[in-house]
Structure formats: C-alpha cells, structure tokens
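Participant: Have a look at this one before I ask anything.
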Amino acid sequence: MCTKITDVRKTDRLAAFISGLAAVGCVYLSFGFSTISHIDGRFMLLHLFMAVLAGICYLILCKKVCSQDIWCRQIRTWNALYLICALSFFGCNIGLHLKNGTWYEMLSQLIYLCIAVWAEYVLLRYGGERTKSPRFLRLLNEHKGMLVLCAIALFLALDPDMVQFKWDGSTYYEANSRAAVYSISGMGLCGHLSQTFSLFSLFLGAVLGHDLGYGMAAGNVILYLASIGAAYGILKTILPGLRERHYVLGTAVYAFSPYALGMADYYNADFYSMCLFMLVMYYTVKRQWILQVIAGVFFSFTKEPAFLVYGMLCVGVVLEEIFFRRQGSLGGRIRQQFFRRRNYGMLMVAAIWGFTVMKLGIWGAGGDYGGFAMDGSYAADKLKVLFGLNFSWIYVIIILCGTIGACFVKRKGGHPGGWILPLVCGGGAYTLFGCLFRTGNHPRYVSIIPTVLYLLAVYILILLLRELWRGNLLDGALLVLTLLMFTSSFWTVDPVSKRLFPTTQIGTSQMITTGAPLGDAAIYNRQMLWYERAIGNAVKEGVETGDAIVFPMIGNANYCFDGLVGAGTDHAEPGEYVCYTQYWNRDKSRRELLPSEQNEPFRLYEITNEQALAELVSENGEDRHYRYFYLAFAGNEIADAVRTGYSVLEEKEFHYRGWTVYEILFEGRGQ
C-alpha cells in the first residue's frame with residue numbers, strides 16, 4: 001500500500017513538473033503573440049488561445065501538487081498573490097475597456113482572472129485545510145518586531161518629494177508612459193531587458209487610479225518592504241537560536257541602509273535588482289525552488305546583469321550540492337544533478353531570457369559605453385564604488401576578518417548551509433562584470449553587491465560576537481551599525497567615502513560624486529531627492545510672473561544641472577543656449593515632466609556661458625525680466641557676468657534640507 005501511494009506521488013510530481021513548465025511556456029507565447037499583434041490583429045486570437053492553454057496546464061499543476069505538501073504550500077503562496085493581482089487589474093481596467101472598446105484586452109484579463117479563481121478553488125478543494133486564523137495570529141505575534149520594523153521603514157520611505165522623475169528616472173518615466181502590458185518589447189525600457197520594472201509600474205499605476213507616477217513609487221516601496229521581510233527570513237534560517245531582537249536589529253541594518261532606505265525614492269531597474277535578489281536568496285536559503293524560479297524570472301528581467309547573477313547563483317547551488325554534500329560518491333552526486341527538477345526550472349529561466357535576447361537584442365549605450373574592455377583605471381574606480389561607498393568598507397572588513405578567522409578556527413557544526421557559495425558566485429559574477437563592462441560609474445550600479453555584503457557581514461558578525469563573546473556585545477554592535485546606515489541614508493557622513501570621491505558643498509551640507517557633480521553620479525542616498533524641491537521653490541515665482549527662467553549648463557550638457565530634461569538636446573556648443581518646454585503643476589506647486597490637464601507649460605533656457613546669455617537676451621528682448629538660478633559649485637562665472645553686465649533688480653537664496661539655490665533677477669538692458 002505504501003509503495004502504491006509513493007508511486008502515485010511520484011507520478012503526480014512528474015505531471016506537476018511537466019504541466020508547470022508547459023504553463024510558463026504558454027504564458028510566454030501568449031504575450032509574444034500580443035507583442036506582434038500590431039502587425040495583424042488576429043495574433044490577439046492566438047494570444048487568447050495560448051492563455052486558455054496556459055490555464056489548463058496551470059490547473060493540472062495545481063491539482064497534482066495537492067499530494068505534495070512542500071510544493072502545494074509554494075503554489076498556494078504564488079496563487080494567492082496571482083489572484084489578488086489579477087482581480088485588482090481586471091477591476092481597475094474594466095471601465096476603460098468598455099469605454100475604449102478594447103475587447104481583446106478585457107477578455108484576456110478575464111481569462112487570467114478565471115484561471116486564478118479556479119486554481120484557488122482546486123487548491124482549497126484538494127489541497128487540505130488552509131492556515132487557521134489562530135495560527136496566523138500566533139505568527140503575527142511571533143514576528144511583531146519585524147512588522148514594527150516594516151511599519152517604521154514604510155513611514156520613512158514615504159518622502160514628500162518621492163514622486164519626481166529626474167535624470168535617468170525621467171528617462172524611465174517617459175519610456176514607461178509609452179509602454180504597454182501586452183508588449184514584451186514595449187516594456188523593454190531604454191533598450192534594456194527591464195520588463196519587470198515596467199510591468200510592476202504599469203500594473204500598480206492602473207490600480208492606483210491610472211497614475212504612472214504613483215505606480216512607480218508604489219513598486220519601489222512594495223519591493224523595499226518585501227526585501228526587508230526576506231532579509232529577516234534569511235537571518236532566521238541561517239542563524240537559528242537567536243533572540244527576536246537580534247533578528248530585528250540585524251534586519252534593521254539592511255532596512256535603514258542608504259542603498260535600501262536611501263534609494264527607495266529613486267526610479268530605476270537597479271533598485272529592483274537589489275530588492276528582488278534578496279527575495280531570490282530567501283527562497284534559495286529556504287530551498288523553496290518553485291518560488292525561487294518564479295522570483296528568478298522577475299529578477300532576471302530587471303536588467304541584463306541580473307540574469308548573469310541569477311545564472312551564477314544557480315551554478316553555485318549545483319556546485320554546493322556536488323562538493324559540499326557528503327551523501328554518496330562524487331560521481332553519484334554529479335549524476336544526481338541531471339534528475340533534479342529544480343535545475344530544469346532554472347534552465348527554463350535561461351531559455352526564456354535567451355530567446356528574448358535573440359528577438360529583442362541587448363542594450364548598448366554607444367560611444368565609450370556599452371562594451372567590454374580591460375581598463376585598470378576604470379576597474380579601480382568601479383571597485384571603489386562597489387566596496388568603498390556608504391560604509392561598505394565596514395562590511396568588507398568584517399568579511400575579511402571572518403574569512404581569516406575561519407582559516408584558523410574550525411566552526412562547530414560543519415558546513416553552515418547551502419547559501420554562501422551561491423551568494424558568492426552571484427556577487428563575484430557581478431563584480432567581474434562591473435569591472436569589465438564599461439558604463440557610467442553611478443552609485444546605483446552596485447546593484448546586488450549591497451545585499452551580498454550585508455548578508456555575509458551580518459552573518460559573520462553575529463557568529464563572532466555570539467560564539468566568542470557570548471552575545472554581550474551583539475546588541476551594541478548591531479545597533480551602532482544600524483545607526484551608521486540610517487544616518488548615511490540622509491546625510492553624507494562616511495569619512496572614507498569623502499576621501500575616495502570628490503566632495504561638493506551644496507549649501508549647508510556636503511555631498512560626494514562618482515562622476516558629474518549633479519545627477520545619477522551623486523544619487524547614493526536621499527540628499528539628491530531634495531534638490532528638486534529647492535529648485536521648484538526658486539522657479540515658482542518666475543513661472544507665475546512669466547519671467548524668463550535661465551539655468552547654467554555643466555560641461556555644456558543641459559542634462560546635468562536640470563535632470564528634468566523632457567525635451568531638447570543633451571549638449572550644446574559653447575556660446576549656445578537650449579530652450580525647451582517644462583510643465584508646472586499649480587495644485588502641487590512643482591515641476592513635472594509630461595503635459596496633463598493640471599499642468600501648464602512654461603519655457604526654460606539653459607546657457608553654456610555669458611556669450612550664450614547675451615544671445616538669449618538679444619533674441620528675447622532687453623526689456624524683459626530674467627531670473628538666473630545657480631548653485632555654489634555651478635554657474636558662478638555666469639552669475640558674475642550678470643552682475644557686471646546687466647541691471648540687477650534683486651538677489652535671493654532658497655534653502656531646503658541642506659540645499660541652497662541662488663537667484664538673480666535682472667533686466668536685459670545693460671547697466
């Protein structure tokens with residue numbers, strides 16, 4: 001009897017595995033057909049057919065996993081999230097579909113919603129009892145410290161200035177505004193394979209009143225909170241037996257770090273990569289391979305390096321089982337990998353990603369960027385950003401001390417678990433890629449490295465203090481590290497970073513930069529977010545009075561001083577100026593990137609030097625009022641030329657959270 005039950009479970013497991021792979025393939029083909037439906041509308045019929053076929057395969061999967069406790073729990077978790085998303089998306093879009101007559105899209109969303117509902121019924125009907133509420137409440141009580149931490153993190157993440165899109169954030173926003181959920185190529189923003197970023201933004205934007213800006217902000221916050229939960233779960237798994245406050249303090253080191261809390265209000269695919277990598281690591285540590293593969297799909301489509309990281313992480317999983325598990329012979333462990341179903345799930349991610357690259361191509365910035373090269377100077381600069389910025393050097397010191405200590409002290413209990421090698425493989429692959437692939441050396445391009453350093457350093461720190469000093473210093477060490485991270489999220493206080501990178505006085509505060517003095521090269525914590533409020537407060541009066549608003553260029557590039565480019569050229573020759581249209585939202589009293597009913601346009605001029613200013617004045621009239629805005633480190637030469645060559649009416653300063661923006665109001669006629 002037992003043998004018969006075992007055979008049935010093996011058959012169910014095989015059927016679930018095959019139907020699961022088939023379901024993923026059908027979903028991919030479904031959206032592939034909708035992507036090319038602009039060629040012929042009949043491709044949407046194939047989209048609907050493949051959606052139905054995917055639903056059949058998925059329902060078979062749900063039925064077959066009901067006899068597999070571990071698989072069933074993972075599918076339940078996924079389907080609950082899938083059901084919530086499908087119901088929300090359909091409910092928020094049905095009105096638009098009926099109004100616009102987009103029947104294919106409405107039917108597609110209805111099909112996917114019905115699949116989710118039916119799958120939930122199958123899991124309830126055949127998968128045993130759901131989690132009872134007393135146990136659910138008990139779990140909430142056990143983890144109330146983590147919930148309080150998430151509540152604090154949410155409060156801190158909701159910055160009043162968070163819904164703004166500047167520099168590369170403006171590029172992502174504009175690209176997202178043209179993207180569509182039913183187009184795989186359309187969601188490849190700026191030539192990147194960043195479909196996950198676009199999908200989350202469009203979905204959440206639709207749910208939040210069809211506001212793309214709020215959707216992008218919500219996507220960042222949700223993934224930020226999810227990564228905090230994942231970090232907490234990882235610590236609970238790899239360091240059993242600690243007190244709850246140690247887990248909470250250890251998680252707080254990540255939650256309040258400048259790459260997490262400090263970057264949660266900037267919009268780019270790199271932040272998605274960092275947060276989703278934490279989720280991938282959580283499911284790897286928990287050995288929940290179904291959810292790990294699902295998270296791996298989303299992670300791999302945040303940006304091209306993410307797939308490299310995921311691939312090497314999976315290689316690390318396989319190598320760890322071959323060389324560090326002691327069951328059976330080495331040859332037997334190698335042969336066993338060909339029968340590991342999770343390996344084929346990981347290969348499926350590679351197949352989907354590779355086929356997408358074949359059809360869409362891969363990103364290349366052109367010029368000096370977007371190619372591999374052996375450049376020692378570039379590699380050194382990249383390593384400084386990866387391991388020296390924002391107190392990352394503290395993590396590096398802890399890891400080095402722990403590694404040296406491990407060479408001399410044999411830890412009781414043997415191998416610590418199957419997570420360190422995959423983590424190191426993923427982190428090592430990204431470090432090598434970052435040093436060889438030439439692109440801008442922006443702080444956000446650290447991507448998954450903060451997660452790698454955090455997990456290794458906190459793991460080693462807790463082991464050292466718990467085993468060598470019996471935990472007497474553990475609370476204090478974690479608290480100090482958390483306070484350092486928290487402070488660095490809002491202010492530039494790291495002395496090593498100030499020595500490694502150029503420092504700029506922005507007003508009453510200091511900032512560093514890994515490249516240009518403003519923009520993406522200076523986005524490493526919350527400080528750059530507040531620059532726009534200072535600029536907005538400064539230009540408000542000029543917009544209302546209709547005066548000419550003038551900014552300086554930095555290095556003849558208008559993209560640098562004012563990241564809210566929108567239109568216009570990126571560069572100008574010396575002696576030239578650029579004029580483009582921006583939009584002022586009177587209700588919210590701020591500049592915005594794109595036109596809308598609430599926004600009114602105004603003209604903004606950016607000048608390269610005093611000759612460009614003279615040309616601007618001659619073309620726009622000497623009787624007109626001009627307002628020239630500059631910073632302590634940008635535009636001073638032109639400011640001096642204004643004071644000596646024109647009739648100055650007034651000078652003002654605008655202050656906001658450490659930033660100071662200077663204004664000169666003058667007439668075009670000479671003194």
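We name chains A, B, ... following the order of the structure tokens; residues begin at 1 in each chain, and ligands are numbered from 1 as shown.
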Residues of range 554-584 of chain A in helix (DSSP H, G or I) according to DSSP, as an NGL selection string?
Facilitator: :A and (558-561)
Participant: For Gly668 in chain A, please output as a ChimeraX atom specification all residues within 6 Å (counting only C-alpha atoms; exclusion window: fewer than 6 positions along the same chain).
Facilitator: /A:617,622-623
Participant: Using the chain letters and numbers from this document, which residues of range 305-507 of chain A does DSSP assign to strand (DSSP E), as a ChimeraX atom specification?
Facilitator: /A:371-372,437-438,503-505
Participant: Could the residues of range 282-397 of chain A that have an atom at most 12 Å from range 220-238 of chain A be listed as a Markdown table, each with its closest atom pair and the distance in Å to one decimal, counting only C-alpha atoms and ordered by chain and ascending residue number?
Facilitator:
```
| residue | atom | partner | partner_atom | distance |
| --- | --- | --- | --- | --- |
| A:Tyr282 | CA | A:Ile234 | CA | 5.5 |
| A:Tyr283 | CA | A:Ala230 | CA | 8.5 |
| A:Thr284 | CA | A:Ile234 | CA | 9.3 |
| A:Val285 | CA | A:Ile234 | CA | 6.7 |
| A:Lys286 | CA | A:Thr237 | CA | 7.3 |
| A:Arg287 | CA | A:Thr237 | CA | 10.7 |
| A:Ala295 | CA | A:Leu223 | CA | 11.9 |
| A:Phe298 | CA | A:Leu223 | CA | 11.7 |
| A:Phe299 | CA | A:Leu223 | CA | 11.5 |
```
Participant: Suppose we keep C-alpha atoms; can you now write the selection as a PDB file, in the first residue's frame?
Facilitator:
```
ATOM      1  CA  TYR A 282      15.442  33.954   0.642  1.00  0.00           C
ATOM      2  CA  TYR A 283      13.851  31.212  -1.438  1.00  0.00           C
ATOM      3  CA  THR A 284      17.284  29.705  -2.089  1.00  0.00           C
ATOM      4  CA  VAL A 285      18.031  29.595   1.634  1.00  0.00           C
ATOM      5  CA  LYS A 286      14.587  28.127   2.342  1.00  0.00           C
ATOM      6  CA  ARG A 287      15.046  25.687  -0.589  1.00  0.00           C
ATOM      7  CA  ALA A 295      11.386  35.123  -8.328  1.00  0.00           C
ATOM      8  CA  PHE A 298      11.228  38.521 -12.351  1.00  0.00           C
ATOM      9  CA  PHE A 299      14.774  39.193 -11.152  1.00  0.00           C
TER      10      PHE A 299
END
```
Participant: Would you list the contacts of range 25-32 of chain A as a PyMOL selection string, taking every protein, DNA or RNA residue within 6 Å and counting only C-alpha atoms, but skipping same-chain residues closer than 3 positions in sequence?
Facilitator: chain A and resi 22+35+47+50-51+54
Participant: Return as a tab-separated table the residues of range 186-255 of chain A lying at most 9 Å from range 77-96 of chain A, together with the closest atom-to-atom pair for each and the distance in Å to one decimal, counting only C-alpha atoms, with rows in chain order and ascending residue number.
Facilitator:
```
residue	atom	partner	partner_atom	distance
A:Phe203	CA	A:Phe89	CA	6.7
A:Leu204	CA	A:Phe89	CA	8.4
A:Ala206	CA	A:Cys92	CA	6.4
A:Val207	CA	A:Cys92	CA	5.7
A:Leu208	CA	A:Cys92	CA	8.5
A:Gly209	CA	A:Cys92	CA	7.8
A:His210	CA	A:Cys92	CA	8.3
```
Participant: With only C-alpha atoms as the basis for distance, which of A:Gly536, A:Gly250, A:Gly388, A:Gly191 is at the shortest distance from Val496 in chain A?
Facilitator: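 Closest candidate: A:Gly388.
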Participant: Would you pick out the contacts of Asn441 in chain A at 10 Å or less, using only C-alpha atoms, so that residues sharing its chain but fewer than 2 positions from it are not included, and give the list as a PyMOL selection string?
Facilitator: chain A and resi 378-379+381-386+434+438-439+443-446+513-515+520-521
Participant: For the selection just defined, write its residues with N, CA and C atoms to a file, as a short mmCIF file (atom, residue, chain, number, x, y, z; two decimals), in the first residue's frame.
Facilitator:
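Below you can see result-v2.cif, which holds the result:
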```
data_model
loop_
_atom_site.label_atom_id
_atom_site.label_comp_id
_atom_site.auth_asym_id
_atom_site.auth_seq_id
_atom_site.Cartn_x
_atom_site.Cartn_y
_atom_site.Cartn_z
N TYR A 378 39.51 52.15 -14.93
CA TYR A 378 38.06 52.03 -14.81
C TYR A 378 37.69 50.98 -13.76
N ALA A 379 38.40 49.85 -13.77
CA ALA A 379 38.12 48.79 -12.80
C ALA A 379 38.36 49.27 -11.37
N ASP A 381 38.16 52.39 -10.27
CA ASP A 381 37.07 53.30 -9.90
C ASP A 381 35.79 52.52 -9.58
N LYS A 382 35.53 51.46 -10.35
CA LYS A 382 34.34 50.65 -10.10
C LYS A 382 34.43 49.94 -8.75
N LEU A 383 35.58 49.41 -8.42
CA LEU A 383 35.75 48.72 -7.14
C LEU A 383 35.58 49.69 -5.97
N LYS A 384 36.01 50.93 -6.15
CA LYS A 384 35.81 51.92 -5.08
C LYS A 384 34.32 52.13 -4.80
N VAL A 385 33.53 52.19 -5.87
CA VAL A 385 32.09 52.38 -5.69
C VAL A 385 31.46 51.13 -5.09
N LEU A 386 31.85 49.96 -5.58
CA LEU A 386 31.24 48.71 -5.12
C LEU A 386 31.52 48.44 -3.65
N GLY A 434 31.01 44.16 -13.62
CA GLY A 434 31.11 45.60 -13.41
C GLY A 434 32.48 46.16 -13.74
N ARG A 438 32.14 48.52 -19.62
CA ARG A 438 32.25 49.96 -19.46
C ARG A 438 30.87 50.62 -19.54
N THR A 439 30.55 51.37 -18.51
CA THR A 439 29.34 52.18 -18.49
C THR A 439 29.56 53.28 -17.46
N PRO A 443 26.53 55.32 -8.52
CA PRO A 443 26.40 54.52 -7.29
C PRO A 443 25.33 53.44 -7.37
N ARG A 444 24.24 53.70 -8.11
CA ARG A 444 23.17 52.69 -8.16
C ARG A 444 23.60 51.43 -8.92
N TYR A 445 24.71 51.52 -9.68
CA TYR A 445 25.18 50.35 -10.42
C TYR A 445 25.86 49.33 -9.52
N VAL A 446 25.84 49.55 -8.22
CA VAL A 446 26.29 48.50 -7.31
C VAL A 446 25.32 47.33 -7.33
N THR A 513 30.46 62.67 -5.21
CA THR A 513 30.01 62.24 -6.52
C THR A 513 31.00 61.24 -7.09
N THR A 514 30.50 60.30 -7.88
CA THR A 514 31.36 59.35 -8.56
C THR A 514 31.61 59.77 -10.00
N GLY A 515 31.11 60.97 -10.38
CA GLY A 515 31.28 61.46 -11.75
C GLY A 515 30.93 62.93 -11.81
N ASP A 520 22.80 61.39 -11.68
CA ASP A 520 22.89 59.98 -11.28
C ASP A 520 24.19 59.66 -10.55
N ALA A 521 25.27 60.35 -10.88
CA ALA A 521 26.55 60.08 -10.22
C ALA A 521 26.57 60.54 -8.77
#
```
Participant: For Tyr395 in chain A, please output as a PyMOL selection string all residues within 9 Å (counting only C-alpha atoms; exclusion window: fewer than 3 positions along the same chain).
Facilitator: chain A and resi 387+391-392+398-400+453-454+456-458
Participant: Using the selection just defined, write its residues with C-alpha atoms as a PDB file, in the first residue's frame.
Facilitator:
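Just written: again_29.pdb:
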```pdb
ATOM      1  CA  PHE A 387      33.151  48.279  -1.873  1.00  0.00           C
ATOM      2  CA  PHE A 391      30.195  52.439   4.730  1.00  0.00           C
ATOM      3  CA  SER A 392      30.501  49.341   2.526  1.00  0.00           C
ATOM      4  CA  ILE A 398      34.059  42.231   8.803  1.00  0.00           C
ATOM      5  CA  ILE A 399      34.042  39.705   5.952  1.00  0.00           C
ATOM      6  CA  LEU A 400      37.847  39.690   5.722  1.00  0.00           C
ATOM      7  CA  LEU A 453      27.992  42.318   1.585  1.00  0.00           C
ATOM      8  CA  TYR A 454      25.164  42.731   4.086  1.00  0.00           C
ATOM      9  CA  LEU A 456      27.907  37.909   4.656  1.00  0.00           C
ATOM     10  CA  ALA A 457      28.936  40.653   7.090  1.00  0.00           C
ATOM     11  CA  VAL A 458      25.938  40.386   9.411  1.00  0.00           C
TER      12      VAL A 458
END
```
Participant: Just want the 10 Å neighbourhood of Cys66 in chain A, counted on only C-alpha atoms, with same-chain residues fewer than 6 positions away dropped. Output as a PDB file with N, CA and C atoms, in the first residue's frame.
Facilitator:
```pdb
ATOM      1  N   ARG A   9       2.453   9.459  -5.860  1.00  0.00           N
ATOM      2  CA  ARG A   9       3.046  10.768  -5.594  1.00  0.00           C
ATOM      3  C   ARG A   9       4.153  11.087  -6.589  1.00  0.00           C
ATOM      4  N   ASP A  12       2.384  12.087  -9.746  1.00  0.00           N
ATOM      5  CA  ASP A  12       1.833  13.437  -9.597  1.00  0.00           C
ATOM      6  C   ASP A  12       2.929  14.488  -9.663  1.00  0.00           C
ATOM      7  N   ARG A  13       4.070  14.166  -9.066  1.00  0.00           N
ATOM      8  CA  ARG A  13       5.163  15.135  -9.074  1.00  0.00           C
ATOM      9  C   ARG A  13       5.678  15.360 -10.491  1.00  0.00           C
ATOM     10  N   ALA A  16       3.028  17.351 -12.403  1.00  0.00           N
ATOM     11  CA  ALA A  16       3.046  18.748 -11.969  1.00  0.00           C
ATOM     12  C   ALA A  16       4.232  19.485 -12.575  1.00  0.00           C
ATOM     13  N   CYS A  72       2.786  22.122  -2.647  1.00  0.00           N
ATOM     14  CA  CYS A  72       1.452  22.720  -2.523  1.00  0.00           C
ATOM     15  C   CYS A  72       1.509  24.047  -1.774  1.00  0.00           C
ATOM     16  N   ARG A  73       2.309  24.122  -0.724  1.00  0.00           N
ATOM     17  CA  ARG A  73       2.419  25.375   0.040  1.00  0.00           C
ATOM     18  C   ARG A  73       2.995  26.487  -0.822  1.00  0.00           C
ATOM     19  N   ILE A  75       2.846  26.711  -4.189  1.00  0.00           N
ATOM     20  CA  ILE A  75       1.863  27.098  -5.206  1.00  0.00           C
ATOM     21  C   ILE A  75       0.745  27.911  -4.574  1.00  0.00           C
ATOM     22  N   ARG A  76       0.352  27.574  -3.345  1.00  0.00           N
ATOM     23  CA  ARG A  76      -0.669  28.368  -2.651  1.00  0.00           C
ATOM     24  C   ARG A  76      -0.204  29.807  -2.456  1.00  0.00           C
ATOM     25  N   VAL A 122      -9.364  24.787  -6.723  1.00  0.00           N
ATOM     26  CA  VAL A 122      -8.725  23.465  -6.750  1.00  0.00           C
ATOM     27  C   VAL A 122      -7.827  23.279  -5.537  1.00  0.00           C
ATOM     28  N   LEU A 123      -7.063  24.298  -5.202  1.00  0.00           N
ATOM     29  CA  LEU A 123      -6.156  24.196  -4.051  1.00  0.00           C
ATOM     30  C   LEU A 123      -6.926  24.081  -2.745  1.00  0.00           C
ATOM     31  N   LEU A 124      -8.053  24.781  -2.652  1.00  0.00           N
ATOM     32  CA  LEU A 124      -8.886  24.668  -1.454  1.00  0.00           C
ATOM     33  C   LEU A 124      -9.578  23.316  -1.379  1.00  0.00           C
ATOM     34  N   ARG A 125     -10.035  22.837  -2.529  1.00  0.00           N
ATOM     35  CA  ARG A 125     -10.830  21.607  -2.567  1.00  0.00           C
ATOM     36  C   ARG A 125      -9.983  20.372  -2.343  1.00  0.00           C
ATOM     37  N   TYR A 126      -8.790  20.333  -2.930  1.00  0.00           N
ATOM     38  CA  TYR A 126      -7.994  19.113  -2.897  1.00  0.00           C
ATOM     39  C   TYR A 126      -6.698  19.243  -2.101  1.00  0.00           C
ATOM     40  N   GLY A 127      -6.374  20.441  -1.671  1.00  0.00           N
ATOM     41  CA  GLY A 127      -5.079  20.636  -1.029  1.00  0.00           C
ATOM     42  C   GLY A 127      -5.105  20.626   0.478  1.00  0.00           C
ATOM     43  N   GLY A 128      -6.200  20.206   1.080  1.00  0.00           N
ATOM     44  CA  GLY A 128      -6.275  20.181   2.534  1.00  0.00           C
ATOM     45  C   GLY A 128      -6.714  21.514   3.088  1.00  0.00           C
TER      46      GLY A 128
END
```
Participant: How far is it from CA of Ala522 in chain A to CA of Phe307 in chain A, in Å with one decimal?
Facilitator: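 Atom-to-atom, CA of Ala522 in chain A to CA of Phe307 in chain A, that is 26.5 Å.
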